[in-house]
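Below you'll find the structure, written out as structure tokens, and then a few comments.
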Number of protein chains: 2
Amino acid sequence: MTDEHIEVLGLGNSLVDLFAHIEEDFLVKESMQKGAMILIDEERAEQLYKRMGPATIVSGGSAANTIAGVRSLGVRSAYIGKVKDDELGRAFIHDIRASGVKFDVTPAANGPATGRCLSFITPDGERTMNTYLGASQFLSPSDLDENLVREARIVYLEGYMWDRQAAKETFQKAARLAHAAGARVALTLSDSFCVDRFRAEFLDLMRSGLVDTIFANTEEIRSLYQTADFKTGLEALRAEGVLGVVTRSEHGSIVVEGEATYEAPAFPIDRLIDTTGAGDLFAAGFLAGMARGADRVKSAKLGALAAAEVIQHLGARPQARLADLAAENGLAV
Amino acid sequence: MTDEHIEVLGLGNSLVDLFAHIEEDFLVKESMQKGAMILIDEERAEQLYKRMGPATIVSGGSAANTIAGVRSLGVRSAYIGKVKDDELGRAFIHDIRASGVKFDVTPAANGPATGRCLSFITPDGERTMNTYLGASQFLSPSDLDENLVREARIVYLEGYMWDRQAAKETFQKAARLAHAAGARVALTLSDSFCVDRFRAEFLDLMRSGLVDTIFANTEEIRSLYQTADFKTGLEALRAEGVLGVVTRSEHGSIVVEGEATYEAPAFPIDRLIDTTGAGDLFAAGFLAGMARGADRVKSAKLGALAAAEVIQHLGARPQARLADLAAENGLAV
């Protein structure tokens, strides 16, 4: 493996985020569950956009955010996902490449527009997401660059991909190829509603060995094991025999791996602006550490550092060079 | 005039802004003059975009920013400008309407894409702009809703429109209609390079009486009268017999009107993030005050308040409700 090889590869839904600030009562009026991501169709996306305030457009997509963060930490990364060849799709491709991430998937010439996430930020910095998957759901196994999958040390997949058949098959193919090549296969559970939709399948992914590393937050763990008690859920995750990496917002993170448990605190922030991307960027830091052979605690600290940067501005991709931040905090990888 | 009538109407180049943070040496490498706005063609726009980092997309356009600010201060406003019927054009229209601004110009079905401004933010918060006018330059006199022009109390025009013939003719027609209806006609000189391109014509606009109010900053005044001495320039502006409104960044603003001179300080800020839109939003505050019959000092204070809001975040449109900020500071109109 030469220095030019990819270290971390991500697969996910390729979305642009449209952000607007709203008051709490907007969520009530639109019957939105605060903090959740729900899928919407094109018609609802159009309606909702009409009722949305002036919007800031930035590239998003959970795994894409993570991979941009991995690269910002100085770790070579690539991303696989589908956009359409339209203006927003071109913006997505521009941004991911401008971040230094390898991206070579041919955009769709026809079919639905590039996927978008209408993201509503309440005054407390929480975001509520309405996603129209658009072109992203048509990522198919033929879009997989098999050599790219084989050269990665870690392949990272987002649970959200499970919402559509073609994307799901791509996920499975990538996971099999990666394991065959000796790489780690990590899955983020994405959000508790996503877990609720695919509980049995996500459990099966771990139990069949197709996935060896799980990223989740406390809500997702509770949803996965249908328990109100986080500790019970965490022990159930440990018993799966996977590497379990669980974020707990301002309470830091906890990693379970066989008998071992590791904890790391959250990273201090000046001002919370927008929680969008906190989980994505925590995963970025952890994956970057893991790819470079850092121990679990250092990897979790890197996750906390990356998450802290992204919640202090609007948008879910890093704006500072995370490698510099890491070095300043004695966490260079 | 009923309460439903428009109070302030703006005409300008309809652009979306693509922002990226850069280091100073990028400007040197790309031979860009810091702080300036230059026009670029489509090919250069493509090249430059390729070399630009991940970009945040927000609606912009100088007069459009101003008019969104006027509306945010609670004053009824409308905007006239041209976009193409493409994704960025639809985003522009969405944003201006979502701000509560009346906008009814039919987007172009063919021709160049919606105009865009590649805006590079250096660590000191200064922005250097490269504008591809695209569809905006094809705003033509037939796009003018004459009834809208006639009902406005103030018609506000941007100097940047002078760069293209069709837009310039639209500008002239709007100014004539507005004066015939007894409205004020205000012009922003836009930037010192724009003044340099059109010095004689801008002077003629004042001297012929087509424009009665001028917005400018110190650089633009120096450029207009080709003097290194600001005071000399200011007195020359006073001698034109127009209402002259001049901003001086952190030194506040100065208004000359016949024998009278009014001054107002800058509004305090916590943290300078991005100067984009400072002049646009100063004009918004001043116009909102003027439209509601506020005196010059109060209008200038409103300008300072609106400018202070916009330089404390990325993007040139207000994110807070300016009417609330004004009320909190005893400046309600």
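Identifiers in this document derive from the order of the structure tokens: chains are assigned A, B, ..., residues are numbered from 1 separately in each chain, and ligands are numbered from 1 in order of occurrence.
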
Check your understanding: Please, which residues of range 57-306 of chain A, numbered as in this document, come out strand (DSSP E or B) from DSSP, as JSON, numbers by chain?
Key -> {"A": [57, 58, 59, 77, 78, 79, 80, 84, 102, 108, 115, 116, 117, 118, 119, 120, 121, 127, 128, 129, 130, 131, 132, 154, 155, 156, 157, 158, 184, 185, 186, 187, 188, 213, 214, 215, 216, 217, 243, 244, 245, 246, 247, 253, 254, 255, 256, 257, 260, 261, 262, 263, 264]}

Practice item. Considering only C-alpha atoms, extract the chain B residues located within 12 Å of chain A and return them as an NGL selection string. Key: :B and (16-23 or 46-60 or 65 or 68 or 72 or 85-101 or 113-114 or 123 or 273 or 313-321)

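The protein and nucleic acid residues lying at most 12 Å from Leu144 in chain B are B:Leu9, B:Gly10, B:Leu11, B:Gly12, B:Ala78, B:Tyr79, B:Ile80, B:Gly81, B:Lys82, B:Phe103, B:Asp104, B:Val105, B:Thr106, B:Leu139, B:Ser140, B:Leu148, B:Val149, B:Arg150, B:Ala166, B:Ala167, B:Glu169, B:Thr170, B:Phe171, B:Gln172, B:Lys173, B:Ala174, B:Ala175, B:Leu177, B:Ala178, with only C-alpha atoms considered and sequence neighbours fewer than 4 positions away removed.
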
Convert the current residue selection to file output with C-alpha atoms, as a PDB file, in the first residue's frame.
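Saved result, again.pdb, follows:
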ATOM      1  CA  LEU B   9     -38.303  49.530  -4.898  1.00  0.00           C
ATOM      2  CA  GLY B  10     -34.836  48.303  -5.807  1.00  0.00           C
ATOM      3  CA  LEU B  11     -33.328  47.404  -9.167  1.00  0.00           C
ATOM      4  CA  GLY B  12     -30.052  45.582  -9.550  1.00  0.00           C
ATOM      5  CA  ALA B  78     -40.142  45.191  -4.065  1.00  0.00           C
ATOM      6  CA  TYR B  79     -37.244  44.149  -6.243  1.00  0.00           C
ATOM      7  CA  ILE B  80     -36.710  43.980  -9.986  1.00  0.00           C
ATOM      8  CA  GLY B  81     -33.874  41.956 -11.476  1.00  0.00           C
ATOM      9  CA  LYS B  82     -33.227  39.055 -13.842  1.00  0.00           C
ATOM     10  CA  PHE B 103     -40.718  39.987  -6.826  1.00  0.00           C
ATOM     11  CA  ASP B 104     -42.491  39.275 -10.113  1.00  0.00           C
ATOM     12  CA  VAL B 105     -39.940  39.403 -12.914  1.00  0.00           C
ATOM     13  CA  THR B 106     -40.201  36.392 -15.235  1.00  0.00           C
ATOM     14  CA  LEU B 139     -32.785  42.816 -17.398  1.00  0.00           C
ATOM     15  CA  SER B 140     -34.552  44.975 -19.951  1.00  0.00           C
ATOM     16  CA  LEU B 148     -44.766  49.177  -9.215  1.00  0.00           C
ATOM     17  CA  VAL B 149     -42.301  51.935 -10.042  1.00  0.00           C
ATOM     18  CA  ARG B 150     -45.029  54.558  -9.733  1.00  0.00           C
ATOM     19  CA  ALA B 166     -29.985  46.589 -21.371  1.00  0.00           C
ATOM     20  CA  ALA B 167     -29.769  46.935 -17.592  1.00  0.00           C
ATOM     21  CA  GLU B 169     -31.662  51.393 -20.096  1.00  0.00           C
ATOM     22  CA  THR B 170     -33.918  49.753 -17.539  1.00  0.00           C
ATOM     23  CA  PHE B 171     -32.292  51.868 -14.843  1.00  0.00           C
ATOM     24  CA  GLN B 172     -32.908  55.079 -16.825  1.00  0.00           C
ATOM     25  CA  LYS B 173     -36.504  54.217 -17.576  1.00  0.00           C
ATOM     26  CA  ALA B 174     -37.210  53.412 -13.923  1.00  0.00           C
ATOM     27  CA  ALA B 175     -35.602  56.671 -12.780  1.00  0.00           C
ATOM     28  CA  LEU B 177     -40.928  57.009 -14.216  1.00  0.00           C
ATOM     29  CA  ALA B 178     -40.147  57.399 -10.516  1.00  0.00           C
TER      30      ALA B 178
END

Practice item. Quick one: everything within 12 Å of Thr213 in chain A, counting only C-alpha atoms, minus sequence neighbours fewer than 2 positions away in the same chain. Send it as a ChimeraX atom specification. Key: /A:154-158,175,179,183-189,202,205-207,209-211,215-216,237-238,240-246,255-257,283,286-287,290

Review point. Hey, what's within 9 Å of Arg292 in chain B if we count only C-alpha atoms and toss same-chain stuff fewer than 6 positions away? As a list of chain:residue names, please?
Key: B:Glu7, B:Val75, B:Val333

Please, could you write that set of residues out with C-alpha atoms as a short mmCIF file (atom, residue, chain, number, x, y, z; two decimals), in the first residue's frame?
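Here's the written file part02.cif:
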data_model
loop_
_atom_site.label_atom_id
_atom_site.label_comp_id
_atom_site.auth_asym_id
_atom_site.auth_seq_id
_atom_site.Cartn_x
_atom_site.Cartn_y
_atom_site.Cartn_z
CA GLU B 7 -42.54 51.94 -0.16
CA VAL B 75 -40.88 48.55 5.33
CA VAL B 333 -39.70 53.10 12.07
#

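Residues with any atom within 8 Å of Pro112 in chain A, counting only C-alpha atoms and excluding same-chain neighbours fewer than 2 positions away, are Lys84, Asn110, Thr114, Gly134 and Ala135 of chain A.
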
Practice item. Have a look at CA of Arg296 in chain A and CA of Leu73 in chain A and let me know their distance in Å, one decimal. Key: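 Straight-line distance from CA of Arg296 in chain A to CA of Leu73 in chain A works out to 16.4 Å.
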